[in-house]
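What's in final08.cif: mmCIF, C-alpha atoms and all ligand atoms
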data_entry
loop_
_atom_site.label_atom_id
_atom_site.label_comp_id
_atom_site.auth_asym_id
_atom_site.auth_seq_id
_atom_site.Cartn_x
_atom_site.Cartn_y
_atom_site.Cartn_z
CA MET C 4 31.06 -4.07 15.73
CA VAL C 5 31.41 -1.18 18.17
CA GLU C 6 28.02 0.32 19.07
CA LYS C 7 27.42 3.80 17.74
CA ARG C 8 26.73 6.44 20.34
CA LEU C 9 25.11 9.17 18.22
CA PHE C 10 24.54 8.11 14.64
CA GLY C 11 21.34 6.36 13.57
CA THR C 12 20.52 4.90 10.17
CA PHE C 13 21.29 8.20 8.42
CA GLY C 14 22.87 10.85 10.61
CA VAL C 15 21.90 12.23 13.99
CA ARG C 16 18.28 13.21 14.64
CA ARG C 17 17.11 14.85 17.87
CA THR C 18 14.82 17.52 19.32
CA ALA C 19 16.14 20.92 18.23
CA ASN C 20 17.83 22.96 20.95
CA ASP C 21 17.38 20.15 23.46
CA VAL C 22 20.13 17.67 22.59
CA LEU C 23 20.67 19.28 19.22
CA THR C 24 22.10 22.59 20.48
CA PRO C 25 24.51 24.88 18.62
CA GLU C 26 27.37 23.62 20.84
CA PHE C 27 26.58 19.99 20.04
CA ALA C 28 26.24 20.62 16.30
CA SER C 29 29.39 22.72 16.12
CA ARG C 30 31.61 20.15 17.84
CA LEU C 31 30.16 17.31 15.79
CA ALA C 32 30.73 19.26 12.57
CA ALA C 33 34.31 20.01 13.65
CA SER C 34 34.85 16.29 14.29
CA TYR C 35 33.57 15.49 10.79
CA GLY C 36 35.63 18.35 9.30
CA SER C 37 38.77 16.96 10.99
CA ILE C 38 38.40 13.85 8.84
CA VAL C 39 37.24 15.46 5.57
CA LYS C 40 39.85 18.25 5.50
CA GLY C 41 38.43 19.88 2.37
CA THR C 42 35.44 21.81 1.04
CA VAL C 43 32.15 20.88 2.65
CA ALA C 44 28.74 21.83 1.21
CA ILE C 45 25.96 22.55 3.68
CA GLY C 46 22.24 23.10 3.23
CA GLY C 47 19.00 22.22 4.89
CA ASP C 48 15.23 22.06 5.01
CA THR C 49 12.71 24.68 6.12
CA ARG C 50 12.68 24.00 9.88
CA THR C 51 12.78 26.89 12.38
CA SER C 52 16.01 25.51 13.84
CA THR C 53 17.80 25.06 10.50
CA PRO C 54 19.44 28.55 10.30
CA MET C 55 20.71 28.22 13.88
CA LEU C 56 22.20 24.79 13.24
CA LYS C 57 23.68 25.86 9.91
CA GLN C 58 25.55 28.69 11.63
CA ALA C 59 26.80 26.28 14.28
CA ILE C 60 28.06 23.65 11.84
CA THR C 61 29.62 26.38 9.72
CA ALA C 62 31.65 27.56 12.73
CA GLY C 63 32.70 23.99 13.54
CA LEU C 64 33.77 23.23 9.98
CA LEU C 65 35.72 26.48 9.60
CA SER C 66 37.52 25.88 12.89
CA SER C 67 38.65 22.45 11.66
CA GLY C 68 40.14 24.11 8.57
CA CYS C 69 37.41 23.19 6.07
CA ASP C 70 35.98 25.66 3.59
CA VAL C 71 32.18 25.84 3.64
CA VAL C 72 29.83 26.27 0.68
CA ASP C 73 26.35 27.27 1.82
CA LEU C 74 23.77 25.98 -0.66
CA GLY C 75 20.79 27.48 1.18
CA ILE C 76 17.42 25.78 1.66
CA LEU C 77 17.06 22.89 -0.77
CA PRO C 78 16.14 19.20 -0.99
CA THR C 79 18.51 16.61 0.47
CA PRO C 80 19.16 15.01 -2.97
CA ALA C 81 20.13 18.41 -4.44
CA ILE C 82 22.89 18.67 -1.82
CA GLN C 83 23.95 15.07 -2.51
CA TYR C 84 24.11 15.93 -6.22
CA ALA C 85 26.28 19.00 -5.52
CA VAL C 86 28.69 17.13 -3.25
CA ARG C 87 29.14 14.29 -5.73
CA ASN C 88 30.01 16.73 -8.51
CA TYR C 89 31.90 19.54 -6.78
CA TYR C 90 32.81 19.06 -3.10
CA ASP C 91 34.64 16.80 -0.64
CA GLY C 92 31.79 16.28 1.77
CA GLY C 93 28.45 17.60 2.92
CA ILE C 94 26.27 18.15 5.97
CA ILE C 95 22.50 18.32 5.49
CA VAL C 96 20.43 19.94 8.24
CA THR C 97 17.10 18.10 8.19
CA ALA C 98 14.80 15.81 10.13
CA SER C 99 13.18 14.51 6.93
CA HIS C 100 9.56 13.50 7.68
CA ASN C 101 9.69 14.01 11.48
CA PRO C 102 7.48 16.59 13.28
CA PRO C 103 8.55 20.28 13.36
CA LYS C 104 10.34 20.21 16.72
CA TYR C 105 12.95 17.77 15.45
CA ASN C 106 16.01 18.44 13.37
CA GLY C 107 19.03 16.43 12.38
CA LEU C 108 22.41 16.36 10.70
CA LYS C 109 22.99 14.01 7.79
CA PHE C 110 26.63 13.58 6.83
CA VAL C 111 27.69 12.43 3.37
CA ASP C 112 30.98 11.31 1.84
CA GLU C 113 32.56 12.72 -1.33
CA PHE C 114 30.12 10.75 -3.50
CA GLY C 115 27.15 12.25 -1.70
CA ILE C 116 26.36 8.89 -0.05
CA GLY C 117 25.52 8.76 3.67
CA THR C 118 28.79 8.31 5.58
CA PRO C 119 30.01 4.72 6.11
CA ASP C 120 30.10 3.10 9.58
CA ASP C 121 33.86 3.41 10.08
CA MET C 122 33.76 7.15 9.39
CA GLU C 123 30.84 7.68 11.78
CA LEU C 124 32.66 5.79 14.53
CA GLU C 125 35.71 8.00 13.95
CA VAL C 126 33.56 11.16 14.14
CA GLU C 127 32.10 9.91 17.43
CA ARG C 128 35.54 9.04 18.77
CA LEU C 129 36.77 12.57 18.09
CA TYR C 130 33.59 14.04 19.56
CA PHE C 131 33.62 12.05 22.83
CA ASP C 132 37.12 10.74 23.45
CA GLY C 133 39.43 12.94 21.42
CA GLU C 134 39.61 16.47 20.17
CA PRO C 135 38.53 17.73 16.77
CA THR C 136 41.27 19.51 14.82
CA ARG C 137 41.36 23.24 15.62
CA VAL C 138 43.58 24.91 13.06
CA ASN C 139 45.78 28.00 13.50
CA TRP C 140 44.27 31.44 12.99
CA ASN C 141 45.77 31.69 9.49
CA GLU C 142 44.30 28.32 8.36
CA ILE C 143 40.67 28.87 9.34
CA GLY C 144 38.36 28.08 6.43
CA GLN C 145 36.35 30.47 4.30
CA ILE C 146 32.65 30.66 3.50
CA PHE C 147 31.33 30.56 -0.07
CA THR C 148 27.87 30.25 -1.58
CA ASN C 149 26.62 28.53 -4.72
CA GLU C 150 23.23 29.80 -5.76
CA SER C 151 23.04 27.87 -9.03
CA ILE C 152 22.68 24.38 -7.55
CA ILE C 153 18.87 24.38 -7.42
CA ASP C 154 18.59 25.33 -11.11
CA GLU C 155 21.28 22.84 -12.02
CA TYR C 156 19.55 20.08 -10.05
CA ILE C 157 16.27 20.75 -11.89
CA ASP C 158 17.98 20.94 -15.29
CA GLU C 159 19.92 17.72 -14.70
CA THR C 160 16.65 15.99 -13.76
CA LEU C 161 15.07 17.21 -17.01
CA LYS C 162 17.99 15.86 -19.05
CA ARG C 163 17.11 12.35 -17.92
CA VAL C 164 13.53 12.23 -19.25
CA ASP C 165 11.73 13.01 -22.51
CA VAL C 166 10.66 16.59 -21.73
CA GLU C 167 9.07 17.11 -25.12
CA ALA C 168 6.81 14.08 -24.84
CA ILE C 169 5.79 14.94 -21.28
CA SER C 170 5.16 18.62 -22.12
CA ALA C 171 3.00 17.70 -25.11
CA ARG C 172 0.56 15.96 -22.78
CA LYS C 173 -0.02 19.03 -20.54
CA LEU C 174 -0.67 16.82 -17.51
CA LYS C 175 -2.82 18.27 -14.77
CA VAL C 176 -0.80 17.87 -11.57
CA VAL C 177 -1.42 18.80 -7.93
CA VAL C 178 1.74 18.97 -5.82
CA ASP C 179 1.89 19.17 -2.01
CA CYS C 180 5.34 20.01 -0.62
CA GLY C 181 4.10 20.22 2.97
CA SER C 182 5.97 23.57 3.29
CA GLY C 183 9.25 21.63 3.13
CA ALA C 184 12.35 22.00 0.97
CA GLY C 185 10.54 20.72 -2.13
CA SER C 186 8.75 24.10 -2.23
CA PHE C 187 11.86 25.47 -3.95
CA THR C 188 12.07 22.76 -6.62
CA ALA C 189 8.92 20.71 -7.25
CA PRO C 190 6.53 23.37 -8.67
CA TYR C 191 9.31 24.70 -10.95
CA LEU C 192 10.25 21.24 -12.19
CA LEU C 193 6.60 20.53 -13.02
CA LYS C 194 6.26 23.85 -14.88
CA LYS C 195 9.31 22.96 -16.97
CA LEU C 196 7.67 19.63 -17.75
CA GLY C 197 4.76 21.54 -19.27
CA CYS C 198 2.29 20.55 -16.57
CA GLU C 199 -0.73 22.49 -15.46
CA VAL C 200 0.36 22.84 -11.83
CA THR C 201 -1.73 23.41 -8.73
CA SER C 202 0.40 23.73 -5.63
CA LEU C 203 -0.57 23.08 -2.01
CA ASN C 204 1.63 23.97 0.96
CA CYS C 205 4.43 25.21 -1.28
CA GLN C 206 5.33 28.17 0.93
CA ALA C 207 8.38 27.30 3.03
CA ASP C 208 7.37 27.33 6.70
CA GLY C 209 9.13 25.66 9.64
CA PHE C 210 5.87 25.35 11.56
CA PHE C 211 4.43 23.15 8.76
CA PRO C 212 1.01 24.80 9.11
CA GLY C 213 -0.67 22.90 6.25
CA ARG C 214 0.22 19.38 7.21
CA ASN C 215 2.71 17.22 9.07
CA PRO C 216 5.89 16.66 6.97
CA GLU C 217 5.34 12.90 6.78
CA PRO C 218 3.56 12.04 3.51
CA ILE C 219 1.27 9.31 4.85
CA GLU C 220 -2.36 8.99 3.80
CA PRO C 221 -3.98 10.70 6.85
CA ASN C 222 -1.76 13.76 6.23
CA LEU C 223 -2.63 14.00 2.55
CA GLN C 224 -6.42 14.41 2.69
CA ASP C 225 -6.30 17.95 1.21
CA LEU C 226 -4.20 16.68 -1.68
CA ILE C 227 -6.54 13.76 -2.29
CA ALA C 228 -9.60 16.04 -2.24
CA THR C 229 -7.93 18.53 -4.62
CA VAL C 230 -6.97 15.81 -7.11
CA LYS C 231 -10.59 14.66 -7.19
CA ASP C 232 -12.08 18.18 -7.35
CA LEU C 233 -9.85 19.25 -10.23
CA GLY C 234 -9.95 15.95 -12.09
CA ALA C 235 -6.14 15.93 -12.05
CA ASP C 236 -4.04 13.22 -13.68
CA ILE C 237 -1.92 12.76 -10.56
CA GLY C 238 -1.24 14.14 -7.07
CA LEU C 239 2.31 14.30 -5.74
CA ALA C 240 3.55 14.78 -2.18
CA HIS C 241 7.01 15.13 -0.70
CA ASP C 242 8.38 14.72 2.80
CA GLY C 243 10.13 17.61 4.62
CA ASP C 244 13.49 17.31 2.85
CA ALA C 245 12.02 16.20 -0.50
CA ASP C 246 13.83 12.94 -0.99
CA ARG C 247 10.63 10.90 -1.12
CA THR C 248 7.66 11.18 -3.49
CA ILE C 249 4.23 9.77 -2.78
CA CYS C 250 1.61 9.56 -5.54
CA ILE C 251 -2.18 9.90 -5.56
CA ASP C 252 -3.82 8.37 -8.63
CA GLU C 253 -6.40 10.17 -10.80
CA LYS C 254 -9.23 8.64 -8.75
CA GLY C 255 -7.82 10.00 -5.49
CA ASN C 256 -6.33 6.71 -4.28
CA PHE C 257 -3.16 6.80 -2.19
CA VAL C 258 -0.48 4.73 -3.95
CA LEU C 259 1.77 2.74 -1.63
CA GLY C 260 5.50 3.33 -1.98
CA ASP C 261 6.28 -0.24 -3.00
CA LYS C 262 3.88 0.11 -5.96
CA THR C 263 5.66 3.24 -7.19
CA PHE C 264 8.95 1.40 -6.81
CA ALA C 265 7.69 -1.54 -8.90
CA LEU C 266 6.21 0.74 -11.56
CA VAL C 267 9.44 2.72 -12.04
CA GLU C 268 11.51 -0.47 -11.90
CA ARG C 269 9.49 -1.89 -14.79
CA GLN C 270 9.95 1.32 -16.80
CA MET C 271 13.70 1.51 -16.14
CA LEU C 272 14.22 -2.15 -17.14
CA LYS C 273 12.11 -1.76 -20.28
CA GLU C 274 14.02 1.34 -21.40
CA ASN C 275 17.46 -0.06 -20.64
CA ASP C 276 16.94 -3.70 -21.68
CA GLY C 277 17.56 -4.96 -18.18
CA GLY C 278 20.11 -4.06 -15.53
CA ILE C 279 20.95 -4.45 -11.88
CA ILE C 280 18.24 -3.49 -9.39
CA VAL C 281 19.29 -2.98 -5.77
CA THR C 282 16.84 -3.07 -2.90
CA THR C 283 16.61 -4.35 0.67
CA VAL C 284 15.71 -7.77 2.05
CA ALA C 285 12.36 -6.37 3.19
CA THR C 286 11.21 -5.66 -0.35
CA SER C 287 8.27 -7.26 -2.13
CA GLN C 288 8.47 -10.32 -4.38
CA ALA C 289 6.90 -8.04 -7.01
CA ILE C 290 10.33 -6.46 -7.55
CA TYR C 291 11.77 -9.92 -8.33
CA ASP C 292 8.85 -10.87 -10.60
CA ILE C 293 9.28 -7.71 -12.67
CA ALA C 294 13.05 -8.18 -12.85
CA GLU C 295 12.55 -11.70 -14.16
CA GLU C 296 10.12 -10.56 -16.82
CA TYR C 297 12.20 -7.62 -18.04
CA GLY C 298 15.76 -8.93 -17.81
CA GLY C 299 16.77 -7.45 -14.46
CA GLU C 300 18.92 -8.88 -11.71
CA VAL C 301 17.98 -8.07 -8.10
CA ILE C 302 20.54 -7.60 -5.32
CA ALA C 303 19.20 -7.25 -1.76
CA THR C 304 21.09 -5.40 0.99
CA ALA C 305 20.32 -4.91 4.68
CA VAL C 306 17.65 -2.26 5.35
CA GLY C 307 18.81 1.36 4.87
CA ASP C 308 18.80 3.68 1.88
CA LEU C 309 22.50 4.44 2.08
CA LEU C 310 23.34 0.73 1.93
CA VAL C 311 21.26 0.49 -1.25
CA ALA C 312 23.03 3.57 -2.66
CA ARG C 313 26.48 2.19 -1.85
CA GLU C 314 25.71 -1.17 -3.47
CA LEU C 315 24.38 0.60 -6.58
CA LYS C 316 27.68 2.42 -6.86
CA GLU C 317 29.80 -0.68 -6.26
CA LYS C 318 27.84 -2.91 -8.67
CA ASP C 319 27.20 -0.19 -11.24
CA GLY C 320 23.47 -0.76 -10.77
CA LEU C 321 20.69 0.71 -12.91
CA PHE C 322 18.13 1.59 -10.28
CA GLY C 323 17.30 0.98 -6.65
CA GLY C 324 14.70 1.56 -4.00
CA GLU C 325 13.02 0.67 -0.76
CA GLU C 326 9.54 -0.53 0.02
CA ASN C 327 8.66 2.90 1.47
CA GLY C 328 8.94 4.49 -1.98
CA GLY C 329 12.41 6.01 -1.69
CA LEU C 330 13.78 5.59 -5.22
CA ILE C 331 17.44 5.91 -6.22
CA PHE C 332 18.69 6.78 -9.71
CA PRO C 333 22.43 6.18 -9.37
CA ASP C 334 23.56 7.91 -12.54
CA PHE C 335 22.31 11.16 -10.96
CA VAL C 336 22.22 11.03 -7.14
CA TYR C 337 23.43 8.28 -4.79
CA GLY C 338 20.41 8.62 -2.54
CA ARG C 339 16.64 8.80 -2.60
CA ASP C 340 15.57 11.44 -5.06
CA ALA C 341 12.11 12.96 -5.20
CA ALA C 342 12.56 15.14 -8.30
CA MET C 343 13.80 12.31 -10.50
CA THR C 344 10.99 10.12 -9.18
CA VAL C 345 8.41 12.73 -10.21
CA ALA C 346 9.93 13.16 -13.68
CA LYS C 347 10.13 9.42 -14.27
CA ILE C 348 6.57 8.73 -13.14
CA LEU C 349 5.18 11.47 -15.39
CA GLU C 350 7.23 10.09 -18.27
CA THR C 351 5.81 6.62 -17.57
CA LEU C 352 2.23 7.97 -17.63
CA VAL C 353 2.87 9.58 -21.00
CA LYS C 354 4.84 6.76 -22.62
CA GLU C 355 2.49 4.00 -21.47
CA ASP C 356 -0.47 6.25 -22.29
CA LYS C 357 -2.58 4.94 -19.42
CA PRO C 358 -3.94 6.51 -16.23
CA LEU C 359 -1.91 5.87 -13.09
CA SER C 360 -4.59 3.63 -11.53
CA GLU C 361 -4.42 1.33 -14.54
CA LEU C 362 -0.62 1.15 -14.50
CA ILE C 363 -0.71 0.27 -10.81
CA ALA C 364 -3.34 -2.42 -11.42
CA GLU C 365 -1.01 -4.14 -13.92
CA LEU C 366 1.64 -4.78 -11.25
CA PRO C 367 2.00 -8.13 -9.46
CA VAL C 368 -0.19 -8.28 -6.35
CA TYR C 369 1.05 -9.56 -2.99
CA TYR C 370 -0.36 -9.25 0.49
CA GLN C 371 1.61 -8.13 3.49
CA GLU C 372 1.41 -8.17 7.25
CA LYS C 373 3.63 -6.27 9.68
CA LEU C 374 3.71 -7.21 13.36
CA LYS C 375 6.11 -6.50 16.22
CA ILE C 376 7.07 -8.19 19.46
CA GLU C 377 9.09 -7.06 22.45
CA CYS C 378 12.52 -8.55 23.09
CA PRO C 379 15.32 -7.17 25.28
CA ASP C 380 18.26 -5.88 23.21
CA ASP C 381 20.77 -8.23 24.86
CA GLN C 382 18.77 -11.31 23.77
CA LYS C 383 18.27 -10.36 20.13
CA GLN C 384 21.40 -12.00 18.71
CA GLU C 385 20.77 -15.28 20.49
CA VAL C 386 17.10 -15.36 19.49
CA MET C 387 18.05 -14.86 15.84
CA ALA C 388 20.76 -17.52 15.99
CA ASN C 389 18.32 -20.02 17.52
CA ILE C 390 15.63 -19.31 14.94
CA ALA C 391 18.12 -19.69 12.07
CA LYS C 392 19.37 -22.97 13.56
CA GLU C 393 15.86 -24.37 13.97
CA ILE C 394 14.93 -23.53 10.37
CA LYS C 395 18.17 -25.05 9.05
CA ASP C 396 17.88 -28.22 11.10
CA THR C 397 14.18 -28.94 10.75
CA THR C 398 13.01 -27.54 7.39
CA ASP C 399 14.22 -27.15 3.83
CA PHE C 400 13.14 -23.50 3.56
CA ASN C 401 15.69 -21.05 2.21
CA LEU C 402 17.27 -18.72 4.74
CA ASP C 403 18.69 -15.22 4.26
CA THR C 404 20.53 -13.63 7.20
CA THR C 405 21.64 -10.40 5.49
CA ASP C 406 19.53 -8.45 8.01
CA GLY C 407 17.70 -10.38 10.72
CA VAL C 408 16.37 -13.77 9.65
CA LYS C 409 14.37 -14.05 6.43
CA ILE C 410 12.65 -17.38 5.84
CA LEU C 411 11.54 -18.05 2.29
CA LYS C 412 8.82 -20.60 1.58
CA ASP C 413 7.34 -21.47 -1.82
CA ASP C 414 4.31 -19.25 -1.32
CA GLY C 415 5.78 -16.34 0.62
CA TRP C 416 8.31 -15.16 3.14
CA VAL C 417 8.69 -13.72 6.61
CA ILE C 418 11.53 -11.56 7.87
CA ILE C 419 12.25 -11.26 11.59
CA ARG C 420 14.38 -8.13 12.14
CA PRO C 421 15.66 -6.57 15.36
CA SER C 422 14.89 -2.85 15.63
CA GLY C 423 18.01 -0.71 15.92
CA THR C 424 16.34 1.80 18.23
CA GLU C 425 13.74 -0.12 20.29
CA PRO C 426 13.72 -3.40 22.25
CA ILE C 427 11.52 -5.12 19.67
CA PHE C 428 11.60 -7.46 16.69
CA ARG C 429 9.62 -6.57 13.58
CA CYS C 430 8.01 -9.46 11.72
CA PHE C 431 7.12 -8.63 8.17
CA ALA C 432 5.49 -11.28 5.98
CA GLU C 433 4.33 -11.39 2.39
CA SER C 434 2.30 -13.99 0.52
CA ASP C 435 -0.22 -14.46 -2.27
CA SER C 436 -3.18 -14.13 0.11
CA GLN C 437 -3.85 -11.96 3.13
CA ASP C 438 -4.63 -14.98 5.31
CA LYS C 439 -1.31 -16.61 4.47
CA ALA C 440 0.60 -13.36 5.07
CA ASN C 441 -1.07 -13.05 8.52
CA GLU C 442 -0.28 -16.66 9.29
CA MET C 443 3.38 -16.29 8.35
CA ALA C 444 3.83 -13.07 10.34
CA ASN C 445 2.31 -14.79 13.39
CA TRP C 446 4.58 -17.77 12.85
CA GLY C 447 7.53 -15.33 12.97
CA ILE C 448 6.21 -13.91 16.24
CA SER C 449 5.85 -17.43 17.69
CA LEU C 450 9.48 -18.20 16.80
CA VAL C 451 10.67 -15.13 18.73
CA GLU C 452 8.43 -16.09 21.69
CA LYS C 453 9.90 -19.58 21.71
CA TYR C 454 13.49 -18.41 22.18
CA ARG C 455 12.94 -15.17 24.10
CA LYS C 456 13.55 -15.59 27.84
MG MG C 501 13.30 12.42 3.75
#

What do you get writing this file as structure tokens?
Amino acid sequence: MVEKRLFGTFGVRRTANDVLTPEFASRLAASYGSIVKGTVAIGGDTRTSTPMLKQAITAGLLSSGCDVVDLGILPTPAIQYAVRNYYDGGIIVTASHNPPKYNGLKFVDEFGIGTPDDMELEVERLYFDGEPTRVNWNEIGQIFTNESIIDEYIDETLKRVDVEAISARKLKVVVDCGSGAGSFTAPYLLKKLGCEVTSLNCQADGFFPGRNPEPIEPNLQDLIATVKDLGADIGLAHDGDADRTICIDEKGNFVLGDKTFALVERQMLKENDGGIIVTTVATSQAIYDIAEEYGGEVIATAVGDLLVARELKEKDGLFGGEENGGLIFPDFVYGRDAAMTVAKILETLVKEDKPLSELIAELPVYYQEKLKIECPDDQKQEVMANIAKEIKDTTDFNLDTTDGVKILKDDGWVIIRPSGTEPIFRCFAESDSQDKANEMANWGISLVEKYRK
């Protein structure tokens, strides 16, 4: 495949006003608009550079003949919802969980799914080697707004859970939006679910004064302390563009994303009497164990949330997710959705009638180890081919080469994946004991060392 020059796993992410200038954004948007030729929704997160970039992409889109619908500041999944239902495409101005100085442009297709490879290559070709369409003066697009999308997004979320049952419980919830786009949705959603809501960092602010936008444990100490102080049922945190939800249990424990994924998977399969679950090859065996118990079928794609979303659409899947806790409910949004995740987890707490810590403790337990090793980019393909050959020729372990090389033994697995952005391999292993997981990850490292020159 041709190497991409700008696009990463989901859009283009750079330092604002350094590479990501108004000129850059405008031309890139015009290149995208030249292909879409329709009505494009735009919106973004709370970053200081978002208004500047929105103006720039608006100009680019209009010049290519597209109409623009400005949805304002709102979560990434709310824009994906709007595009899927009403528009021909969308550009989301966000750098997700990255620090404040970054921003990015996420492009979606008419289903609200991150743009496919062939479209991104065509956008890049127009940007670098060709010319975006610049229409005549009398064909320049027009600007519209749609101020009802946020309310609609919240209402559509509510339609998919038992609001009455959740409201009856009057759950005590602390929510930390990190001053990101979730500030405009999460507290309101929780109110409509009848919760007693305490909000932290729910004032939109592009300097992210309360905490870094990435919802990892060291950044969520205020949330953890507040959950404990108030004796709350649950703490919830979102990243900057509110597509991911991280939970804190009633004891103040940080819940890893793969646990949330497994918990919601179990609930979805129970409620729907089975269904297709889509995830990535780096996902835990726990997802397979639960599927087996509750009548699910698991399909694994290469790593990337938009690949999971696309497969869900193609296979008419029930539910999908990644090990980082990005959960996808394909009947609503073809992408990670924080609001639906919140609603579903609260519904699970109420329906199962157990505290979150207990529900998490019921899930299958596996141990993981993540290591990395340097390897020049131009050797990666050969290293992977040699490892796959050695495993095939000398062992009877199962092999999965969907993304990197995954070696499956009876008591665990290791996946050796080349990084798309750095000259390294990541070795990620899982087993039924920590010692075995460490051993397998180190075995993966030794295989790379053996074939690396
Ligand atoms: Mg995000």

Ligand MG 501 (chain C) neighbours within 9 Å using all atoms listed in the file, as a list in words
Pro78, Thr79, Thr97, Ala98, Ser99, His100, Asn101, Glu217, His241, Asp242, Gly243, Asp244, Ala245, Asp246, Arg247, Gly329 and Arg339 of chain C

Excluding C:Phe264 and residues on its chain fewer than 3 positions from it, collect all residues at most 7 Å away from it, counting all atoms listed in the file, and give them as JSON, numbers by chain.
{"C": [260, 261, 267, 268, 324, 328, 330]}

Separation of atom CA of C:Lys456 from atom CA of C:Glu393, in Å and rounded to one decimal
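So the answer is 16.6 Å.
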
Pick from C:Gly117, C:Gly92, C:Pro190, C:Gly181: nearest to C:Ile38, with all atoms listed in the file counted?
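Closest to C:Ile38, using all atoms listed in the file: C:Gly92.
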
Minimum-distance residue to C:Asn20, chosen among C:Asn141, C:Thr49, C:Asn106, C:Ser37 (using all atoms listed in the file)
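Smallest distance to C:Asn20 is found for C:Asn106.
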
Which residues, protein or nucleic acid, reach to within 10 Å of (36.1, 10.4, 10.9) in the file's coordinates when using only C-alpha atoms, and can you give that as number ranges by chain?
C: 34-39, 118-130, 135

Which residue, C:Val86, C:Ile237, C:Val5, C:Leu64, has the smallest gap to C:Lys357 when you use all atoms listed in the file?
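Distance minimum relative to C:Lys357 lands on C:Ile237.
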
Separation of atom CA of C:Phe187 from atom CA of C:Lys316, in Å and rounded to one decimal
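These two atoms are separated by 28.1 Å.
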
Show me, as JSON, the centre and edge lengths in Å to one decimal of the axis-aligned box that covers every listed atom of stretch 43-55 of chain C with 8 Å on each side.
{"center_x": 22.4, "center_y": 24.7, "center_z": 7.5, "size_x": 35.5, "size_y": 23.7, "size_z": 28.7}

Neighbour list for stretch 375-381 of chain C as a list in words, cut-off 8 Å, all atoms listed in the file, skip fewer than 5 positions in-chain:
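Once the nearby chain positions are removed, what remains is Glu425, Pro426, Ile427, Phe428, Arg429, Cys430, Ile448, Val451 and Arg455 of chain C.
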
Considering only C-alpha atoms, state which residue in the set C:Thr136, C:Leu352, C:Ile219, C:Gln270 is at the smallest distance from C:Val176.
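Among C:Thr136, C:Leu352, C:Ile219, C:Gln270, it is C:Leu352 that comes nearest to C:Val176.
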
Have a look at atom CA of C:Glu199 and atom CA of C:Asp154 and let me know their distance in Å, one decimal.
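If I compute the distance from atom CA of C:Glu199 to atom CA of C:Asp154, I get 20.0 Å.
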
Using all atoms listed in the file for the distances, tell me which of C:Asp438, C:Asn327, C:Gly407, C:Thr188 is nearest to C:Asp158.
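Distance minimum relative to C:Asp158 lands on C:Thr188.
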
List the neighbours of stretch 222-236 of chain C out to 12 Å using only C-alpha atoms; skip same-chain residues closer than 4 positions along the sequence, and give me the result as a PyMOL selection string.
chain C and resi 100+102+172-181+198-204+211-218+240-242+249-258+348-349+352-353+356-361

Include C-alpha atoms and write out the residues we just selected as a CSV table (one decimal), in the frame of the given file.
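New file part.csv:
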chain,number,residue,atom,x,y,z
C,100,HIS,CA,9.6,13.5,7.7
C,102,PRO,CA,7.5,16.6,13.3
C,172,ARG,CA,0.6,16.0,-22.8
C,173,LYS,CA,0.0,19.0,-20.5
C,174,LEU,CA,-0.7,16.8,-17.5
C,175,LYS,CA,-2.8,18.3,-14.8
C,176,VAL,CA,-0.8,17.9,-11.6
C,177,VAL,CA,-1.4,18.8,-7.9
C,178,VAL,CA,1.7,19.0,-5.8
C,179,ASP,CA,1.9,19.2,-2.0
C,180,CYS,CA,5.3,20.0,-0.6
C,181,GLY,CA,4.1,20.2,3.0
C,198,CYS,CA,2.3,20.6,-16.6
C,199,GLU,CA,-0.7,22.5,-15.5
C,200,VAL,CA,0.4,22.8,-11.8
C,201,THR,CA,-1.7,23.4,-8.7
C,202,SER,CA,0.4,23.7,-5.6
C,203,LEU,CA,-0.6,23.1,-2.0
C,204,ASN,CA,1.6,24.0,1.0
C,211,PHE,CA,4.4,23.2,8.8
C,212,PRO,CA,1.0,24.8,9.1
C,213,GLY,CA,-0.7,22.9,6.2
C,214,ARG,CA,0.2,19.4,7.2
C,215,ASN,CA,2.7,17.2,9.1
C,216,PRO,CA,5.9,16.7,7.0
C,217,GLU,CA,5.3,12.9,6.8
C,218,PRO,CA,3.6,12.0,3.5
C,240,ALA,CA,3.6,14.8,-2.2
C,241,HIS,CA,7.0,15.1,-0.7
C,242,ASP,CA,8.4,14.7,2.8
C,249,ILE,CA,4.2,9.8,-2.8
C,250,CYS,CA,1.6,9.6,-5.5
C,251,ILE,CA,-2.2,9.9,-5.6
C,252,ASP,CA,-3.8,8.4,-8.6
C,253,GLU,CA,-6.4,10.2,-10.8
C,254,LYS,CA,-9.2,8.6,-8.8
C,255,GLY,CA,-7.8,10.0,-5.5
C,256,ASN,CA,-6.3,6.7,-4.3
C,257,PHE,CA,-3.2,6.8,-2.2
C,258,VAL,CA,-0.5,4.7,-4.0
C,348,ILE,CA,6.6,8.7,-13.1
C,349,LEU,CA,5.2,11.5,-15.4
C,352,LEU,CA,2.2,8.0,-17.6
C,353,VAL,CA,2.9,9.6,-21.0
C,356,ASP,CA,-0.5,6.2,-22.3
C,357,LYS,CA,-2.6,4.9,-19.4
C,358,PRO,CA,-3.9,6.5,-16.2
C,359,LEU,CA,-1.9,5.9,-13.1
C,360,SER,CA,-4.6,3.6,-11.5
C,361,GLU,CA,-4.4,1.3,-14.5

Please tell me which residues are no farther than 10 Å from (21.9, 18.2, -12.5) in the file, counting all atoms listed in the file, and write them as a PyMOL selection string.
chain C and resi 81+84-85+88+152-163+335-336

Find the residue from C:Glu113, C:Arg30, C:Glu355, C:Gly107 that sits nearest to C:Glu134; use only C-alpha atoms when measuring.
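Comparing C:Glu113, C:Arg30, C:Glu355, C:Gly107 against C:Glu134, the winner is C:Arg30.
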